[in-house]
Amino acid sequence: YPNAIHLETTDKITDDYHEPETDQKPLVLVVEDNEEIVEYICDCLEESYELLTAINGKAGYDLACEKTPDIIISDIMMPVMDGMEFCRHIKQNVLTSHIPVILLTAKTSVQDKADGYDAGADSYMTKPFSGNLLKSRVKNLLQTRPKLNEAATAFKNKKQLLHDSASQLDKDFIEKVTNIIETHIEIEELSVSQIASMMNMSHSSLYRKIKALTDLTTNEFIRKVRMKLAEQLLLTGKYTITEIMYRVGMNSAGHFRQSFKDEFGVTPTEYLQKLKE
């Protein structure tokens with residue numbers, strides 16, 4: 001499709017990597033072997049979304065693993081790999097398990113829809129469908145997908161931050177990233193590049209995965225982990241604020257104080273005073 005955005009097949013890994021702007025268009029992957037349907041879908045969505053296309057499930061799966069789209073629209077009847085198998089692969093891979101999948105089909109039986117949901121589909125649309133319905137479905141799925149960060153304000157223990165509605169793969173992913181950050185927490189220059197390498201992911205895939213699950217950028221997530229540990233150390237009463245600052249990998253008192261205040265609404269000193277009161 002001529003208006004779909006073509007992305008390079010490899011990610012350039014550089015030390016000066018910058019996370020995407022938060023207001024960039026969501027990335028939609030369309031997996032469909034019928035050119036007319038692809039054109040129709042792209043016409044409906046191109047104004048509000050970036051678009052990638054693939055002609056079968058195998059090509060779509062490879063592209064999804066490489067580019068980590070925000071949502072996938074896939075036909076069921078396709079050569080090489082059909083939509084059901086494609087959907088199962090997407091939901092069973094930690095890199096892509098969080099991505100909402102809309103399955104398209106010409107079949108209307110209850111069993112066909114049940115099979116689609118069993119494969120992990122988040123929504124199901126029967127051909128032919130209107131452009132307005134498609135746009136509404138895509139928008140709603142992007143707005144309502146589970147965010148692991150929603151529980152953050154209610155619980156202090158990071159184990160409890162994992163929202164029940166998220167898949168086990170996604171919980172394991174967040175826990176693994178958190179463990180990597182905590183293990184290397186004293187490194188102030190701990191970068192997105194280093195974390196992505198340790199996760200065996202590209203920069204963009206790591207960013208999209210964390211953003212989808214927590215609604216935070218990767219750097220914001222790193223800061224949150226640092227500040228949660230700082231709070232835990234503060235509560236032990238064993239360390240001075242300066243010692244805690246260095247233990248969580250920060251060398252600037254002003255930056256540490258502001259980061260703590262951004263996270264908890266008060267400075268470390270004010271936090272301790274409130275506890276004493």
# chains A, B, ... in the order shown; residues from 1 in each chain; ligands from 1

call {"tool": "residues_around", "arguments": {"residues": "A:Leu134", "least_positions_apart": "4", "cutoff": "10 Å", "atoms": "only C-alpha atoms", "output": "ChimeraX atom specification"}}
result
/A:41,44-45,73,102,125,129-130,138-140

call {"tool": "write_last_selection", "arguments": {"atoms": "all heavy atoms", "output": "JSON list (two decimals), in the first residue's frame"}}
result
[["chain", "number", "residue", "atom", "x", "y", "z"],
["A", 41, "ILE", "N", -8.38, -0.53, 4.81],
["A", 41, "ILE", "CA", -7.98, -0.33, 6.20],
["A", 41, "ILE", "C", -7.03, 0.86, 6.32],
["A", 41, "ILE", "O", -7.17, 1.72, 7.21],
["A", 41, "ILE", "CB", -7.34, -1.60, 6.78],
["A", 41, "ILE", "CG1", -8.37, -2.72, 6.89],
["A", 41, "ILE", "CG2", -6.71, -1.33, 8.14],
["A", 41, "ILE", "CD1", -7.80, -4.06, 7.29],
["A", 44, "CYS", "N", -8.68, 4.15, 6.01],
["A", 44, "CYS", "CA", -9.44, 4.49, 7.22],
["A", 44, "CYS", "C", -8.55, 5.02, 8.33],
["A", 44, "CYS", "O", -8.96, 5.90, 9.10],
["A", 44, "CYS", "CB", -10.19, 3.26, 7.74],
["A", 44, "CYS", "SG", -11.53, 2.70, 6.68],
["A", 45, "LEU", "N", -7.33, 4.51, 8.41],
["A", 45, "LEU", "CA", -6.50, 4.76, 9.59],
["A", 45, "LEU", "C", -5.32, 5.70, 9.37],
["A", 45, "LEU", "O", -4.72, 6.18, 10.34],
["A", 45, "LEU", "CB", -5.96, 3.43, 10.14],
["A", 45, "LEU", "CG", -7.00, 2.39, 10.57],
["A", 45, "LEU", "CD1", -6.29, 1.12, 11.04],
["A", 45, "LEU", "CD2", -7.90, 2.93, 11.67],
["A", 73, "ILE", "N", -4.01, -5.63, 13.34],
["A", 73, "ILE", "CA", -5.25, -6.03, 12.69],
["A", 73, "ILE", "C", -4.89, -7.15, 11.73],
["A", 73, "ILE", "O", -4.07, -6.96, 10.83],
["A", 73, "ILE", "CB", -5.88, -4.85, 11.92],
["A", 73, "ILE", "CG1", -6.15, -3.68, 12.86],
["A", 73, "ILE", "CG2", -7.16, -5.29, 11.21],
["A", 73, "ILE", "CD1", -6.52, -2.39, 12.14],
["A", 102, "ILE", "N", -6.79, -7.51, 16.71],
["A", 102, "ILE", "CA", -8.13, -7.58, 16.14],
["A", 102, "ILE", "C", -8.10, -8.60, 15.01],
["A", 102, "ILE", "O", -7.31, -8.46, 14.07],
["A", 102, "ILE", "CB", -8.58, -6.21, 15.59],
["A", 102, "ILE", "CG1", -8.62, -5.16, 16.69],
["A", 102, "ILE", "CG2", -9.95, -6.33, 14.92],
["A", 102, "ILE", "CD1", -8.91, -3.75, 16.19],
["A", 125, "MET", "N", -13.80, -8.86, 14.28],
["A", 125, "MET", "CA", -14.65, -8.10, 13.37],
["A", 125, "MET", "C", -14.99, -8.94, 12.15],
["A", 125, "MET", "O", -14.13, -9.59, 11.56],
["A", 125, "MET", "CB", -13.96, -6.80, 12.93],
["A", 125, "MET", "CG", -13.75, -5.82, 14.08],
["A", 125, "MET", "SD", -13.07, -4.23, 13.55],
["A", 125, "MET", "CE", -14.44, -3.61, 12.57],
["A", 129, "PHE", "N", -16.95, -4.61, 7.13],
["A", 129, "PHE", "CA", -17.12, -3.75, 8.30],
["A", 129, "PHE", "C", -16.94, -2.30, 7.87],
["A", 129, "PHE", "O", -16.29, -2.00, 6.85],
["A", 129, "PHE", "CB", -16.10, -4.10, 9.39],
["A", 129, "PHE", "CG", -14.68, -4.17, 8.88],
["A", 129, "PHE", "CD1", -13.90, -3.02, 8.78],
["A", 129, "PHE", "CD2", -14.13, -5.39, 8.50],
["A", 129, "PHE", "CE1", -12.61, -3.09, 8.30],
["A", 129, "PHE", "CE2", -12.83, -5.46, 8.02],
["A", 129, "PHE", "CZ", -12.07, -4.31, 7.91],
["A", 130, "SER", "N", -17.51, -1.39, 8.64],
["A", 130, "SER", "CA", -17.42, 0.02, 8.29],
["A", 130, "SER", "C", -16.11, 0.61, 8.81],
["A", 130, "SER", "O", -15.55, 0.14, 9.80],
["A", 130, "SER", "CB", -18.59, 0.80, 8.90],
["A", 130, "SER", "OG", -18.45, 0.90, 10.31],
["A", 138, "VAL", "N", -10.24, 0.24, 17.18],
["A", 138, "VAL", "CA", -8.80, 0.46, 17.38],
["A", 138, "VAL", "C", -8.57, 1.45, 18.52],
["A", 138, "VAL", "O", -7.76, 1.21, 19.43],
["A", 138, "VAL", "CB", -8.14, 0.97, 16.08],
["A", 138, "VAL", "CG1", -6.71, 1.45, 16.36],
["A", 138, "VAL", "CG2", -8.13, -0.12, 15.02],
["A", 139, "LYS", "N", -9.29, 2.57, 18.50],
["A", 139, "LYS", "CA", -9.14, 3.61, 19.52],
["A", 139, "LYS", "C", -9.47, 3.06, 20.91],
["A", 139, "LYS", "O", -8.73, 3.29, 21.88],
["A", 139, "LYS", "CB", -10.05, 4.79, 19.19],
["A", 139, "LYS", "CG", -9.94, 5.94, 20.18],
["A", 139, "LYS", "CD", -10.87, 7.08, 19.78],
["A", 139, "LYS", "CE", -10.79, 8.23, 20.78],
["A", 139, "LYS", "NZ", -11.69, 9.35, 20.39],
["A", 140, "ASN", "N", -10.56, 2.32, 21.01],
["A", 140, "ASN", "CA", -10.98, 1.78, 22.31],
["A", 140, "ASN", "C", -9.98, 0.77, 22.87],
["A", 140, "ASN", "O", -9.68, 0.77, 24.07],
["A", 140, "ASN", "CB", -12.36, 1.13, 22.20],
["A", 140, "ASN", "CG", -13.47, 2.16, 22.04],
["A", 140, "ASN", "OD1", -13.30, 3.32, 22.39],
["A", 140, "ASN", "ND2", -14.59, 1.74, 21.49]]

call {"tool": "residues_around", "arguments": {"residues": "A:Glu186", "least_positions_apart": "6", "cutoff": "10 Å", "atoms": "only C-alpha atoms", "output": "number ranges by chain"}}
result
A: 226, 245-251

call {"tool": "closest_atom_pairs", "arguments": {"of": "stretch 24-57 of chain A", "to": "stretch 83-101 of chain A", "cutoff": "12 Å", "atoms": "only C-alpha atoms", "output": "CSV"}}
result
residue,atom,partner,partner_atom,distance
A:Pro26,CA,A:Ile99,CA,11.7
A:Leu27,CA,A:Ile99,CA,10.8
A:Val28,CA,A:Ile99,CA,10.1
A:Leu29,CA,A:Val101,CA,9.5
A:Val30,CA,A:Val101,CA,10.0
A:Val31,CA,A:Gly83,CA,8.3
A:Glu32,CA,A:Gly83,CA,9.0
A:Asp33,CA,A:Gly83,CA,10.9
A:Ala54,CA,A:Phe86,CA,11.8
A:Ile55,CA,A:Gly83,CA,11.0
A:Asn56,CA,A:Gly83,CA,8.1
A:Gly57,CA,A:Phe86,CA,5.1

call {"tool": "atom_distance", "arguments": {"atom1": "atom CA of A:Ile181", "atom2": "atom CA of A:Glu243"}}
result
18.5 Å

call {"tool": "select_by_dssp", "arguments": {"residues": "stretch 64-251 of chain A", "states": "alpha helix (DSSP H)", "output": "number ranges by chain"}}
result
A: 64-67, 83-92, 110-118, 131-144, 168-183, 192-198, 203-214, 218-236, 241-247

call {"tool": "closest_residue", "arguments": {"among": "A:Leu235, A:Leu206, A:Leu272, A:Ile37", "to": "A:Gly131", "atoms": "only C-alpha atoms"}}
result
A:Ile37

call {"tool": "atom_distance", "arguments": {"atom1": "atom CA of A:Tyr49", "atom2": "atom CA of A:Lys67"}}
result
14.5 Å

call {"tool": "residues_around", "arguments": {"residues": "A:Met201", "least_positions_apart": "6", "cutoff": "12 Å", "atoms": "only C-alpha atoms", "output": "list in words"}}
result
Thr10, Asp11, Ile13, Cys65, Glu66, Lys67, Thr68, Val94, Leu95, Thr96, Phe173, Val177, Val192, Ser193, Gln194, Ile195, Tyr207, Arg208, Lys209 and Ile210 of chain A

call {"tool": "write_last_selection", "arguments": {"atoms": "N, CA and C atoms", "output": "mmCIF file, in the first residue's frame"}}
result
data_model
loop_
_atom_site.group_PDB
_atom_site.id
_atom_site.type_symbol
_atom_site.label_atom_id
_atom_site.label_comp_id
_atom_site.auth_asym_id
_atom_site.auth_seq_id
_atom_site.Cartn_x
_atom_site.Cartn_y
_atom_site.Cartn_z
ATOM 1 N N THR A 10 16.172 -2.956 9.981
ATOM 2 C CA THR A 10 17.085 -3.068 11.113
ATOM 3 C C THR A 10 17.031 -1.801 11.934
ATOM 4 N N ASP A 11 17.244 -1.950 13.238
ATOM 5 C CA ASP A 11 17.303 -0.800 14.127
ATOM 6 C C ASP A 11 18.751 -0.376 14.298
ATOM 7 N N ILE A 13 21.526 0.914 16.469
ATOM 8 C CA ILE A 13 21.779 1.012 17.901
ATOM 9 C C ILE A 13 22.904 2.007 18.105
ATOM 10 N N CYS A 65 7.675 -8.696 15.807
ATOM 11 C CA CYS A 65 8.811 -8.880 16.719
ATOM 12 C C CYS A 65 9.862 -7.796 16.509
ATOM 13 N N GLU A 66 10.010 -7.348 15.275
ATOM 14 C CA GLU A 66 11.034 -6.358 14.962
ATOM 15 C C GLU A 66 10.609 -4.943 15.346
ATOM 16 N N LYS A 67 9.349 -4.600 15.097
ATOM 17 C CA LYS A 67 8.909 -3.210 15.243
ATOM 18 C C LYS A 67 7.990 -2.964 16.440
ATOM 19 N N THR A 68 7.480 -4.004 17.068
ATOM 20 C CA THR A 68 6.600 -3.884 18.241
ATOM 21 C C THR A 68 5.500 -2.841 18.024
ATOM 22 N N VAL A 94 7.119 -12.880 24.709
ATOM 23 C CA VAL A 94 7.208 -11.793 25.673
ATOM 24 C C VAL A 94 7.401 -10.439 24.993
ATOM 25 N N LEU A 95 7.992 -10.428 23.795
ATOM 26 C CA LEU A 95 8.202 -9.164 23.088
ATOM 27 C C LEU A 95 6.894 -8.568 22.586
ATOM 28 N N THR A 96 5.897 -9.419 22.340
ATOM 29 C CA THR A 96 4.681 -8.958 21.669
ATOM 30 C C THR A 96 3.395 -9.273 22.426
ATOM 31 N N PHE A 173 8.104 -9.961 32.282
ATOM 32 C CA PHE A 173 8.903 -8.971 31.571
ATOM 33 C C PHE A 173 9.227 -7.786 32.483
ATOM 34 N N VAL A 177 12.945 -6.598 33.854
ATOM 35 C CA VAL A 177 13.505 -5.258 33.641
ATOM 36 C C VAL A 177 13.820 -4.601 34.984
ATOM 37 N N VAL A 192 19.332 3.287 28.474
ATOM 38 C CA VAL A 192 18.336 2.474 27.791
ATOM 39 C C VAL A 192 19.035 1.456 26.892
ATOM 40 N N SER A 193 20.148 1.884 26.277
ATOM 41 C CA SER A 193 20.908 0.992 25.399
ATOM 42 C C SER A 193 21.410 -0.233 26.147
ATOM 43 N N GLN A 194 21.934 -0.027 27.357
ATOM 44 C CA GLN A 194 22.455 -1.144 28.141
ATOM 45 C C GLN A 194 21.338 -2.095 28.570
ATOM 46 N N ILE A 195 20.217 -1.539 29.017
ATOM 47 C CA ILE A 195 19.090 -2.369 29.443
ATOM 48 C C ILE A 195 18.537 -3.159 28.267
ATOM 49 N N TYR A 207 11.223 0.283 24.398
ATOM 50 C CA TYR A 207 10.432 1.491 24.679
ATOM 51 C C TYR A 207 8.943 1.212 24.523
ATOM 52 N N ARG A 208 8.548 0.603 23.404
ATOM 53 C CA ARG A 208 7.120 0.371 23.146
ATOM 54 C C ARG A 208 6.518 -0.603 24.146
ATOM 55 N N LYS A 209 7.294 -1.606 24.525
ATOM 56 C CA LYS A 209 6.788 -2.594 25.478
ATOM 57 C C LYS A 209 6.554 -1.943 26.847
ATOM 58 N N ILE A 210 7.544 -1.203 27.339
ATOM 59 C CA ILE A 210 7.399 -0.551 28.641
ATOM 60 C C ILE A 210 6.304 0.504 28.595
#

call {"tool": "closest_residue", "arguments": {"among": "A:Thr214, A:Met81, A:Ile187, A:Glu36", "to": "A:Pro128", "atoms": "only C-alpha atoms"}}
result
A:Glu36
